[in-house]
$ cat input_31.txt   # compact mmCIF, C-alpha atoms
# COMPACT_ATOMS: atom_id res chain seq x y z
CA MET A 58 -9.35 -29.40 17.60
CA VAL A 59 -10.72 -30.09 14.11
CA PRO A 60 -8.00 -30.29 11.39
CA GLU A 61 -9.76 -27.55 9.38
CA GLN A 62 -9.47 -25.17 12.35
CA VAL A 63 -5.78 -25.98 12.74
CA SER A 64 -5.05 -25.30 9.08
CA GLU A 65 -7.10 -22.10 9.00
CA ARG A 66 -5.16 -20.88 12.01
CA SER A 67 -1.87 -21.27 10.15
CA ALA A 68 -3.19 -19.12 7.30
CA LYS A 69 -4.29 -16.48 9.82
CA LEU A 70 -0.91 -16.55 11.55
CA ALA A 71 0.84 -16.27 8.18
CA ALA A 72 -1.31 -13.22 7.38
CA LEU A 73 -0.39 -11.65 10.71
CA ALA A 74 3.28 -12.39 10.03
CA ALA A 75 2.91 -10.72 6.62
CA LEU A 76 1.40 -7.62 8.21
CA LEU A 77 4.33 -7.41 10.61
CA LEU A 78 6.77 -8.01 7.76
CA VAL A 79 5.23 -5.19 5.70
CA PHE A 80 5.30 -2.76 8.60
CA GLY A 81 8.88 -3.73 9.50
CA TRP A 82 10.02 -3.39 5.89
CA GLN A 83 8.44 0.05 5.57
CA ALA A 84 9.66 1.25 8.97
CA ALA A 85 13.21 0.18 8.12
CA GLN A 86 13.08 2.24 4.92
CA VAL A 87 11.52 5.22 6.63
CA TYR A 88 14.07 5.39 9.42
CA ARG A 89 17.16 4.32 7.48
CA ILE A 90 16.57 6.07 4.16
CA PHE A 91 13.95 8.80 4.62
CA GLY A 92 15.06 10.23 7.96
CA GLY A 93 11.85 9.18 9.73
CA ASN A 94 9.55 10.85 7.19
CA TRP A 95 6.85 8.35 6.18
CA THR A 96 5.97 10.38 3.08
CA GLY A 97 9.22 9.08 1.57
CA LEU A 98 7.39 5.83 0.80
CA PHE A 99 5.38 7.64 -1.89
CA TYR A 100 8.52 8.60 -3.87
CA HIS A 101 7.81 12.23 -4.75
CA ASP A 102 10.63 13.99 -6.55
CA GLY A 103 9.12 17.47 -6.69
CA THR A 104 8.66 17.39 -10.47
CA PRO A 105 6.18 18.80 -11.09
CA THR A 106 6.23 20.90 -7.96
CA LEU A 107 4.21 19.60 -5.03
CA ALA A 108 0.58 20.60 -4.66
CA PRO A 109 -0.29 23.05 -1.88
CA GLY A 110 -0.70 21.30 1.46
CA PHE A 111 2.06 18.78 0.78
CA GLU A 112 4.85 20.75 2.39
CA GLY A 113 7.04 18.54 4.55
CA THR A 114 6.98 15.74 1.97
CA HIS A 115 10.24 13.84 1.67
CA LEU A 116 11.56 14.45 -1.86
CA GLN A 117 13.63 11.98 -3.86
CA PRO A 118 16.45 13.17 -6.11
CA ALA A 119 15.30 14.40 -9.54
CA GLY A 120 13.94 11.52 -11.55
CA GLY A 121 13.30 9.46 -8.42
CA ASP A 122 9.54 9.77 -8.60
CA TYR A 123 7.14 6.87 -8.79
CA ASP A 124 3.41 6.27 -9.19
CA GLY A 125 2.75 6.27 -5.46
CA GLN A 126 2.97 10.06 -5.40
CA TYR A 127 -0.08 10.30 -7.66
CA TYR A 128 -2.12 7.86 -5.58
CA ARG A 129 -1.27 10.03 -2.58
CA TYR A 130 -3.11 12.88 -4.33
CA LEU A 131 -6.08 10.61 -5.03
CA VAL A 132 -6.42 9.76 -1.33
CA ARG A 133 -7.34 13.40 -0.80
CA ASP A 134 -9.71 13.64 -3.77
CA PRO A 135 -10.64 10.39 -5.57
CA ILE A 136 -13.67 11.83 -7.38
CA PRO A 137 -13.35 13.32 -10.88
CA PRO A 138 -12.47 15.94 -11.95
CA PHE A 139 -9.76 15.53 -9.24
CA ALA A 140 -8.64 18.63 -7.41
CA TYR A 141 -4.99 17.66 -7.91
CA ARG A 142 -5.18 16.81 -11.61
CA GLN A 143 -2.63 19.43 -12.63
CA TRP A 144 -0.04 17.69 -10.41
CA MET A 145 -0.76 14.24 -11.85
CA ASP A 146 0.83 12.82 -14.99
CA SER A 147 -2.27 10.94 -16.17
CA PRO A 148 -5.37 11.76 -14.09
CA ALA A 149 -7.77 9.55 -16.06
CA GLN A 150 -5.51 6.51 -15.79
CA ARG A 151 -4.80 7.07 -12.10
CA GLY A 152 -8.46 7.72 -11.40
CA SER A 153 -9.41 4.37 -12.91
CA ARG A 154 -7.30 2.65 -10.23
CA VAL A 155 -9.19 4.16 -7.33
CA LEU A 156 -9.96 1.17 -5.10
CA VAL A 157 -7.14 1.64 -2.58
CA PRO A 158 -7.02 5.48 -2.68
CA GLY A 159 -10.84 5.59 -2.51
CA LEU A 160 -10.93 3.28 0.51
CA ALA A 161 -8.20 5.33 2.20
CA TRP A 162 -10.17 8.49 1.44
CA ALA A 163 -13.33 7.04 2.98
CA LEU A 164 -11.57 5.57 6.03
CA SER A 165 -9.75 8.85 6.64
CA MET A 166 -13.05 10.75 6.68
CA GLY A 167 -12.72 12.31 3.26
CA GLY A 168 -8.94 12.62 3.44
CA ARG A 169 -9.01 14.69 6.65
CA LEU A 170 -7.75 12.20 9.27
CA ALA A 171 -4.23 10.89 8.57
CA PRO A 172 -4.83 9.91 4.91
CA ASP A 173 -1.23 8.86 4.34
CA ALA A 174 -1.23 6.58 7.38
CA VAL A 175 -4.55 5.02 6.33
CA TYR A 176 -3.26 4.41 2.80
CA ILE A 177 -0.02 2.86 4.08
CA GLY A 178 -2.04 0.69 6.47
CA LEU A 179 -4.34 -0.48 3.68
CA ILE A 180 -1.38 -1.62 1.61
CA GLY A 181 -0.36 -3.81 4.57
CA VAL A 182 -3.90 -5.09 5.04
CA PHE A 183 -4.21 -6.05 1.36
CA ALA A 184 -0.84 -7.84 1.51
CA ALA A 185 -1.99 -9.75 4.62
CA LEU A 186 -5.32 -10.57 2.95
CA GLY A 187 -3.44 -11.92 -0.08
CA VAL A 188 -1.28 -14.09 2.19
CA TYR A 189 -4.38 -15.37 4.01
CA CYS A 190 -6.26 -16.21 0.80
CA SER A 191 -3.17 -17.85 -0.67
CA GLY A 192 -2.65 -19.78 2.56
CA ARG A 193 -6.22 -21.07 2.45
CA TRP A 194 -5.74 -22.05 -1.20
CA PHE A 195 -2.61 -24.00 -0.28
CA GLU A 196 -4.39 -25.68 2.64
CA ARG A 197 -7.12 -26.97 0.36
CA ARG A 198 -4.37 -28.70 -1.57
CA GLY A 199 -2.84 -30.29 1.49
CA VAL A 200 0.01 -27.79 1.96
CA SER A 201 0.59 -25.71 5.08
CA GLY A 202 -1.15 -22.33 5.24
CA TRP A 203 2.28 -20.82 5.88
CA ALA A 204 2.96 -21.33 2.17
CA GLY A 205 0.67 -18.34 1.66
CA LEU A 206 3.64 -16.18 2.62
CA SER A 207 4.85 -16.80 -0.93
CA PHE A 208 2.33 -14.08 -1.88
CA MET A 209 4.81 -11.59 -0.41
CA ALA A 210 7.31 -12.44 -3.18
CA LEU A 211 4.95 -11.51 -6.03
CA PRO A 212 6.13 -8.44 -7.97
CA ALA A 213 2.81 -6.67 -7.38
CA THR A 214 3.14 -7.13 -3.64
CA VAL A 215 6.79 -6.10 -3.49
CA SER A 216 6.27 -2.97 -5.60
CA SER A 217 3.11 -1.98 -3.72
CA VAL A 218 4.72 -2.29 -0.31
CA ASP A 219 7.91 -0.59 -1.43
CA ARG A 220 6.46 2.24 -3.56
CA MET A 221 2.83 2.59 -2.39
CA LEU A 222 1.28 1.21 -5.57
CA VAL A 223 -2.24 -0.19 -5.72
CA ASP A 224 -1.40 -3.48 -7.42
CA VAL A 225 -1.41 -5.56 -4.22
CA ALA A 226 -5.18 -5.12 -4.02
CA LEU A 227 -5.69 -6.78 -7.38

$ encode --input "input_31.txt" --output "structure tokens"
Amino acid sequence: MVPEQVSERSAKLAALAALLLVFGWQAAQVYRIFGGNWTGLFYHDGTPTLAPGFEGTHLQPAGGDYDGQYYRYLVRDPIPPFAYRQWMDSPAQRGSRVLVPGLAWALSMGGRLAPDAVYIGLIGVFAALGVYCSGRWFERRGVSGWAGLSFMALPATVSSVDRMLVDVAL
């Protein structure tokens, strides 16, 4: 086996490990904190009230909201003027960060087929892609591709995986 193939394989395995780590991390939260409700990852607090069609959303205590709840609205309508703008704190700002919600919207057939699951999956895919690219970067410098797992410790990665932010894609 050529050394380049061996090293690339370690970056790929690290990326796969990252994907499993992300899913495990999220599943642990969902089943230990949110009672099995995956919408808890988006950190809605019900203020302002939820948009129609979002019944069944796990709500955090008052003041427990986070930006992920607004990206969840964008997954269903990422094109201005945004159908859910009245439920968003800053539609123009959120709309300018449309890469992940827009991809989730497209992959979920216009937000009709499991948009939350697609969005959550994309966060994991972008984390794994970051680990792979970092691993390849390390390999070119003579370090194991497994060092790419350090990407998982970046604040953007941690906050994206934990609160469904879009920063991991940057």

$ closest_residue --input "input_31.txt" --among "A:Leu186, A:Leu78, A:Ala174, A:Leu222" --to "Gln126 (chain A)" --atoms "only C-alpha atoms"
A:Leu222

$ residues_around --input "input_31.txt" --residues "region 196-203 of chain A" --least-positions-apart "2" --cutoff "6 Å" --atoms "all atoms listed in the file" --output "short mmCIF file (atom, residue, chain, number, x, y, z; two decimals) with C-alpha atoms, in the frame of the given file"
data_model
loop_
_atom_site.label_atom_id
_atom_site.label_comp_id
_atom_site.auth_asym_id
_atom_site.auth_seq_id
_atom_site.Cartn_x
_atom_site.Cartn_y
_atom_site.Cartn_z
CA SER A 67 -1.87 -21.27 10.15
CA ALA A 68 -3.19 -19.12 7.30
CA ALA A 71 0.84 -16.27 8.18
CA GLY A 192 -2.65 -19.78 2.56
CA ARG A 193 -6.22 -21.07 2.45
CA TRP A 194 -5.74 -22.05 -1.20
CA GLY A 205 0.67 -18.34 1.66
CA LEU A 206 3.64 -16.18 2.62
#

$ residues_around --input "input_31.txt" --residues "Ala84 (chain A)" --least-positions-apart "3" --cutoff "12 Å" --atoms "all atoms listed in the file" --output "MDAnalysis selection string"
chainID A and resid 77:81 87:98 177:178 218:219

$ write_last_selection --input "input_31.txt" --atoms "C-alpha atoms" --output "PDB file, in the coordinates of the input"
ATOM      1  CA  LEU A  77       4.330  -7.410  10.610  1.00  0.00           C
ATOM      2  CA  LEU A  78       6.770  -8.010   7.760  1.00  0.00           C
ATOM      3  CA  VAL A  79       5.230  -5.190   5.700  1.00  0.00           C
ATOM      4  CA  PHE A  80       5.300  -2.760   8.600  1.00  0.00           C
ATOM      5  CA  GLY A  81       8.880  -3.730   9.500  1.00  0.00           C
ATOM      6  CA  VAL A  87      11.520   5.220   6.630  1.00  0.00           C
ATOM      7  CA  TYR A  88      14.070   5.390   9.420  1.00  0.00           C
ATOM      8  CA  ARG A  89      17.160   4.320   7.480  1.00  0.00           C
ATOM      9  CA  ILE A  90      16.570   6.070   4.160  1.00  0.00           C
ATOM     10  CA  PHE A  91      13.950   8.800   4.620  1.00  0.00           C
ATOM     11  CA  GLY A  92      15.060  10.230   7.960  1.00  0.00           C
ATOM     12  CA  GLY A  93      11.850   9.180   9.730  1.00  0.00           C
ATOM     13  CA  ASN A  94       9.550  10.850   7.190  1.00  0.00           C
ATOM     14  CA  TRP A  95       6.850   8.350   6.180  1.00  0.00           C
ATOM     15  CA  THR A  96       5.970  10.380   3.080  1.00  0.00           C
ATOM     16  CA  GLY A  97       9.220   9.080   1.570  1.00  0.00           C
ATOM     17  CA  LEU A  98       7.390   5.830   0.800  1.00  0.00           C
ATOM     18  CA  ILE A 177      -0.020   2.860   4.080  1.00  0.00           C
ATOM     19  CA  GLY A 178      -2.040   0.690   6.470  1.00  0.00           C
ATOM     20  CA  VAL A 218       4.720  -2.290  -0.310  1.00  0.00           C
ATOM     21  CA  ASP A 219       7.910  -0.590  -1.430  1.00  0.00           C
TER      22      ASP A 219
END

$ closest_residue --input "input_31.txt" --among "A:Thr106, A:Leu156, A:His101, A:Tyr189" --to "Gln143 (chain A)" --atoms "all atoms listed in the file"
A:Thr106

$ residues_near_point --input "input_31.txt" --point "(0.2, -8.7, -4.6)" --cutoff "7 Å" --atoms "all atoms listed in the file" --output "PyMOL selection string"
chain A and resi 184+187+208-209+211-214+224-227

$ atom_distance --input "input_31.txt" --atom1 "CA of Leu160 (chain A)" --atom2 "CA of Glu65 (chain A)"
27.0 Å

$ atom_distance --input "input_31.txt" --atom1 "CA of Ser147 (chain A)" --atom2 "CA of Val132 (chain A)"
15.5 Å

$ atom_distance --input "input_31.txt" --atom1 "CA of Ala108 (chain A)" --atom2 "CA of Trp144 (chain A)"
6.5 Å

$ closest_residue --input "input_31.txt" --among "A:Leu107, A:Cys190, A:Leu179, A:Val223" --to "Leu76 (chain A)" --atoms "all atoms listed in the file"
A:Leu179

$ closest_residue --input "input_31.txt" --among "A:Glu112, A:Gln83, A:Ala75, A:Asp134" --to "Pro158 (chain A)" --atoms "all atoms listed in the file"
A:Asp134

$ build_atoms --input "input_31.txt" --residues "region 157-193 of chain A" --atoms "N, CA and C atoms" --output "compact mmCIF listing (two decimals), keeping the file's coordinate frame"
# COMPACT_ATOMS: atom_id res chain seq x y z
N VAL A 157 -7.90 1.41 -3.81
CA VAL A 157 -7.14 1.64 -2.58
C VAL A 157 -7.19 3.12 -2.17
N PRO A 158 -6.91 4.07 -3.09
CA PRO A 158 -7.02 5.48 -2.68
C PRO A 158 -8.44 5.85 -2.23
N GLY A 159 -9.45 5.30 -2.89
CA GLY A 159 -10.84 5.59 -2.51
C GLY A 159 -11.18 5.05 -1.12
N LEU A 160 -10.72 3.83 -0.83
CA LEU A 160 -10.93 3.28 0.51
C LEU A 160 -10.20 4.11 1.57
N ALA A 161 -8.97 4.50 1.26
CA ALA A 161 -8.20 5.33 2.20
C ALA A 161 -8.90 6.67 2.41
N TRP A 162 -9.44 7.23 1.35
CA TRP A 162 -10.17 8.49 1.44
C TRP A 162 -11.38 8.33 2.37
N ALA A 163 -12.14 7.27 2.16
CA ALA A 163 -13.33 7.04 2.98
C ALA A 163 -12.96 6.77 4.44
N LEU A 164 -11.96 5.92 4.67
CA LEU A 164 -11.57 5.57 6.03
C LEU A 164 -10.91 6.75 6.77
N SER A 165 -10.37 7.69 6.01
CA SER A 165 -9.75 8.85 6.64
C SER A 165 -10.71 10.04 6.67
N MET A 166 -12.00 9.73 6.59
CA MET A 166 -13.05 10.75 6.68
C MET A 166 -12.88 11.82 5.60
N GLY A 167 -12.84 11.39 4.38
CA GLY A 167 -12.72 12.31 3.26
C GLY A 167 -11.33 12.91 3.14
N GLY A 168 -10.31 12.15 3.56
CA GLY A 168 -8.94 12.62 3.44
C GLY A 168 -8.53 13.60 4.53
N ARG A 169 -9.32 13.72 5.59
CA ARG A 169 -9.01 14.69 6.65
C ARG A 169 -8.24 14.10 7.82
N LEU A 170 -8.39 12.82 8.10
CA LEU A 170 -7.75 12.20 9.27
C LEU A 170 -6.65 11.23 8.85
N ALA A 171 -5.42 11.70 8.86
CA ALA A 171 -4.23 10.89 8.57
C ALA A 171 -4.37 10.05 7.29
N PRO A 172 -4.64 10.68 6.15
CA PRO A 172 -4.83 9.91 4.91
C PRO A 172 -3.61 9.09 4.50
N ASP A 173 -2.42 9.62 4.72
CA ASP A 173 -1.23 8.86 4.34
C ASP A 173 -1.10 7.60 5.18
N ALA A 174 -1.32 7.73 6.48
CA ALA A 174 -1.23 6.58 7.38
C ALA A 174 -2.28 5.53 7.03
N VAL A 175 -3.48 5.95 6.70
CA VAL A 175 -4.55 5.02 6.33
C VAL A 175 -4.17 4.29 5.04
N TYR A 176 -3.66 5.02 4.07
CA TYR A 176 -3.26 4.41 2.80
C TYR A 176 -2.14 3.38 3.02
N ILE A 177 -1.12 3.77 3.78
CA ILE A 177 -0.02 2.86 4.08
C ILE A 177 -0.54 1.61 4.80
N GLY A 178 -1.44 1.81 5.75
CA GLY A 178 -2.04 0.69 6.47
C GLY A 178 -2.83 -0.23 5.56
N LEU A 179 -3.56 0.34 4.62
CA LEU A 179 -4.34 -0.48 3.68
C LEU A 179 -3.45 -1.34 2.80
N ILE A 180 -2.30 -0.81 2.41
CA ILE A 180 -1.38 -1.62 1.61
C ILE A 180 -0.98 -2.86 2.42
N GLY A 181 -0.69 -2.67 3.70
CA GLY A 181 -0.36 -3.81 4.57
C GLY A 181 -1.52 -4.77 4.73
N VAL A 182 -2.71 -4.23 4.87
CA VAL A 182 -3.90 -5.09 5.04
C VAL A 182 -4.14 -5.91 3.77
N PHE A 183 -4.02 -5.29 2.60
CA PHE A 183 -4.21 -6.05 1.36
C PHE A 183 -3.13 -7.12 1.18
N ALA A 184 -1.90 -6.82 1.58
CA ALA A 184 -0.84 -7.84 1.51
C ALA A 184 -1.18 -9.01 2.44
N ALA A 185 -1.62 -8.69 3.66
CA ALA A 185 -1.99 -9.75 4.62
C ALA A 185 -3.19 -10.55 4.11
N LEU A 186 -4.15 -9.88 3.51
CA LEU A 186 -5.32 -10.57 2.95
C LEU A 186 -4.89 -11.51 1.82
N GLY A 187 -3.95 -11.06 0.99
CA GLY A 187 -3.44 -11.92 -0.08
C GLY A 187 -2.73 -13.14 0.47
N VAL A 188 -1.97 -12.96 1.55
CA VAL A 188 -1.28 -14.09 2.19
C VAL A 188 -2.32 -15.05 2.77
N TYR A 189 -3.34 -14.50 3.43
CA TYR A 189 -4.38 -15.37 4.01
C TYR A 189 -5.10 -16.18 2.93
N CYS A 190 -5.54 -15.50 1.88
CA CYS A 190 -6.26 -16.21 0.80
C CYS A 190 -5.36 -17.25 0.13
N SER A 191 -4.11 -16.89 -0.09
CA SER A 191 -3.17 -17.85 -0.67
C SER A 191 -2.95 -19.02 0.28
N GLY A 192 -2.83 -18.72 1.57
CA GLY A 192 -2.65 -19.78 2.56
C GLY A 192 -3.83 -20.74 2.58
N ARG A 193 -5.03 -20.21 2.49
CA ARG A 193 -6.22 -21.07 2.45
C ARG A 193 -6.24 -21.91 1.17
